[in-house]
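Visitor: The structure under discussion is supplied below as structure tokens; questions concerning it will follow.
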Amino acid sequence: CIPTMGTAAHSFTLLHDSEEAAFAAQVAALGPGTTLLVDTYDIERGVEAAVRVAGPRLGAVRIDSGDLPVVVAQVRAQLDALGATNTRITVTNDLDEYAIAALRGAPVDSYGVGTAVVTGSGHPAAGMVFKLVARQGADGTWIGVGKTSEGKATIGGRKIPVRRLSGGRAVEETVYVDEPAADVEGRVLDTVYIEGGAYVPDHLGAAGVAAAREHHRAAVAELPPDALRLSRGDAAIPTVYV
């Protein structure tokens, strides 16, 4: 059989009041031999909290951002200084065979590869990843949460995206955080699929498929020519947060 292993997601950390509280919950459930994700906010402070919660017998830490060859070396030195000399280091972050080869000289113990395994290296892939941006507090109010890790920071708060058009072409996507303005101009991109715990009938069956195809056709027709290029470049449709 193939042995399995895993770790927590950034959303798990964001659901807690603090990174240390998230680590404590994970260690309480899985023991100190678990793998703690230390880069939701700040890697150095995350490593300190991980060892403080799990102790020097912490199984592993996972790093998912930053300049990995440099960061891994720093984390290894920090773990050793904290007495966690047997704690392993796992790295992720859109790895493929080339990224792994570049880490050959770094003190990495294991690699987590996702997208490149599913799609095959060299083929385009949509990097769609769930990002938690808000959670409900004990009183039911929504609290915005976001990552602050290097190169992967996210903007907290519930989002209402609106696409502005000019002459039938998309010229801007305005993202309202928490609440939209009263005089929103453009097409709201949010779609309700589940309401009151039940699927919205308009999206079901053959009629739902036909509606999805028509929506796709219309949405593609709105795109400016730059959106259809194959090479990387600036965003074809600028995004503005309000």
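Labels for the structure tokens follow display order: chains A, B, ..., residues from 1 in each chain, ligands from 1.
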Please return, as JSON, numbers by chain, all residues of segment 31-98 of chain A that DSSP assigns to strand (DSSP E or B) on the basis of the backbone.
Guide: {"A": [35, 36, 37, 60, 61, 62, 63, 88, 89, 90, 91]}
Visitor: Go ahead and save the residues from that selection, with C-alpha atoms, as a PDB file, in the first residue's frame.
Guide:
```
ATOM      1  CA  THR A  35       2.963  18.748  10.228  1.00  0.00           C
ATOM      2  CA  LEU A  36       2.213  22.391  11.023  1.00  0.00           C
ATOM      3  CA  LEU A  37       1.822  24.984   8.271  1.00  0.00           C
ATOM      4  CA  ALA A  60       7.373  18.645  10.562  1.00  0.00           C
ATOM      5  CA  VAL A  61       6.688  22.153   9.351  1.00  0.00           C
ATOM      6  CA  ARG A  62       5.354  23.033   5.913  1.00  0.00           C
ATOM      7  CA  ILE A  63       6.408  26.068   3.884  1.00  0.00           C
ATOM      8  CA  ARG A  88      11.361  17.734   9.183  1.00  0.00           C
ATOM      9  CA  ILE A  89      10.737  20.407   6.566  1.00  0.00           C
ATOM     10  CA  THR A  90       8.120  19.925   3.853  1.00  0.00           C
ATOM     11  CA  VAL A  91       7.805  22.387   0.981  1.00  0.00           C
TER      12      VAL A  91
END
```
Visitor: Could you give me the residues within segment 47-229 of chain A that DSSP places in helix (DSSP H, G or I), as a ChimeraX atom specification?
Guide: /A:47-54,68-81,97-102,115-119,201-203,205-222,225-228
Visitor: Could you tell me which of A:Leu30, A:Val188, A:Val53, A:Ala9 comes closest to Thr92 of chain A if we count only C-alpha atoms?
Guide: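 Going through A:Leu30, A:Val188, A:Val53, A:Ala9 one by one, the smallest distance to Thr92 of chain A is for A:Ala9.
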Visitor: Tell me which protein, DNA and RNA residues are within 8 Å of Val175 of chain A, counting only C-alpha atoms, leaving out same-chain ones fewer than 2 positions away, and put them as a ChimeraX atom specification.
Guide: /A:159-162,173,177,239-242
Visitor: Using only C-alpha atoms, which of the listed residues (A:Gly83, A:Gly233, A:Gly146, A:Gly105) sits closest to Phe12 of chain A?
Guide: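 Result for the nearest residue to Phe12 of chain A: A:Gly146.
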Visitor: Any idea what's packed within 9 Å of segment 150-153 of chain A, counting only C-alpha atoms, ignoring anything in its chain fewer than 2 positions away? Could you give it as a PyMOL selection string?
Guide: chain A and resi 39-43+65-67+146-148+155
Visitor: Now that the selection is made, can you save its residues with C-alpha atoms as a short mmCIF file (atom, residue, chain, number, x, y, z; two decimals), in the first residue's frame?
Guide:
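Listed below is the output, again_14.cif:
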```cif
data_model
loop_
_atom_site.label_atom_id
_atom_site.label_comp_id
_atom_site.auth_asym_id
_atom_site.auth_seq_id
_atom_site.Cartn_x
_atom_site.Cartn_y
_atom_site.Cartn_z
CA ASP A 39 3.67 30.54 6.63
CA THR A 40 0.13 31.90 6.94
CA TYR A 41 1.42 35.17 8.39
CA ASP A 42 5.15 35.28 9.11
CA ILE A 43 7.38 32.23 8.78
CA SER A 65 5.67 30.61 0.03
CA GLY A 66 8.76 32.74 -0.30
CA ASP A 67 12.14 32.13 -1.94
CA GLY A 146 -6.37 37.02 5.16
CA LYS A 147 -2.85 35.69 4.71
CA THR A 148 0.16 37.99 5.01
CA ILE A 155 -7.32 40.67 1.11
#
```
Visitor: I want to know what sits within 12 Å of Arg163 of chain A, based on only C-alpha atoms, with residues of the same chain fewer than 2 positions away left out; could you give that as a list in words?
Guide: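 With the cut-off at 12 Å, the set is Ile160, Pro161, Leu165, Ser166, Gly168, Arg169, Ala170, Val171, Glu172, Glu173, Thr174, Val175, Tyr176, Val184, Glu185, Gly186, Arg187, Val188, Leu189, Asp190, Ala219, Glu222, Leu223, Ile237, Pro238, Thr239 and Val240 of chain A.
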Visitor: Calculate how many Å separate atom CA of Pro107 of chain A from atom CA of Ala73 of chain A, rounding to one decimal.
Guide: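 Distance between the two atoms: 6.4 Å.
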Visitor: Tell me which protein, DNA and RNA residues are within 12 Å of Thr141 of chain A, counting only C-alpha atoms, leaving out same-chain ones fewer than 5 positions away, and put them as a PDB file with N, CA and C atoms, in the first residue's frame.
Guide:
```pdb
ATOM      1  N   ALA A 134     -13.275  35.199   5.121  1.00  0.00           N
ATOM      2  CA  ALA A 134     -14.097  35.659   6.240  1.00  0.00           C
ATOM      3  C   ALA A 134     -14.599  34.460   7.032  1.00  0.00           C
ATOM      4  N   ARG A 135     -14.813  34.675   8.301  1.00  0.00           N
ATOM      5  CA  ARG A 135     -15.405  33.646   9.158  1.00  0.00           C
ATOM      6  C   ARG A 135     -16.382  34.321  10.115  1.00  0.00           C
ATOM      7  N   GLN A 136     -17.310  33.550  10.635  1.00  0.00           N
ATOM      8  CA  GLN A 136     -18.285  34.099  11.563  1.00  0.00           C
ATOM      9  C   GLN A 136     -17.774  34.003  12.999  1.00  0.00           C
ATOM     10  N   GLY A 157     -12.148  39.765   4.002  1.00  0.00           N
ATOM     11  CA  GLY A 157     -13.486  40.328   3.859  1.00  0.00           C
ATOM     12  C   GLY A 157     -14.271  39.675   2.735  1.00  0.00           C
ATOM     13  N   ARG A 158     -15.596  39.656   2.881  1.00  0.00           N
ATOM     14  CA  ARG A 158     -16.454  39.101   1.839  1.00  0.00           C
ATOM     15  C   ARG A 158     -16.401  40.008   0.613  1.00  0.00           C
ATOM     16  N   ASP A 178     -16.849  43.510   1.652  1.00  0.00           N
ATOM     17  CA  ASP A 178     -17.908  43.506   2.665  1.00  0.00           C
ATOM     18  C   ASP A 178     -19.254  43.977   2.120  1.00  0.00           C
TER      19      ASP A 178
END
```
Visitor: Just how far from atom CA of Ala54 of chain A is atom CA of Val27 of chain A, in Å to one decimal?
Guide: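 Result for atom CA of Val27 of chain A versus atom CA of Ala54 of chain A: 6.5 Å, one decimal.
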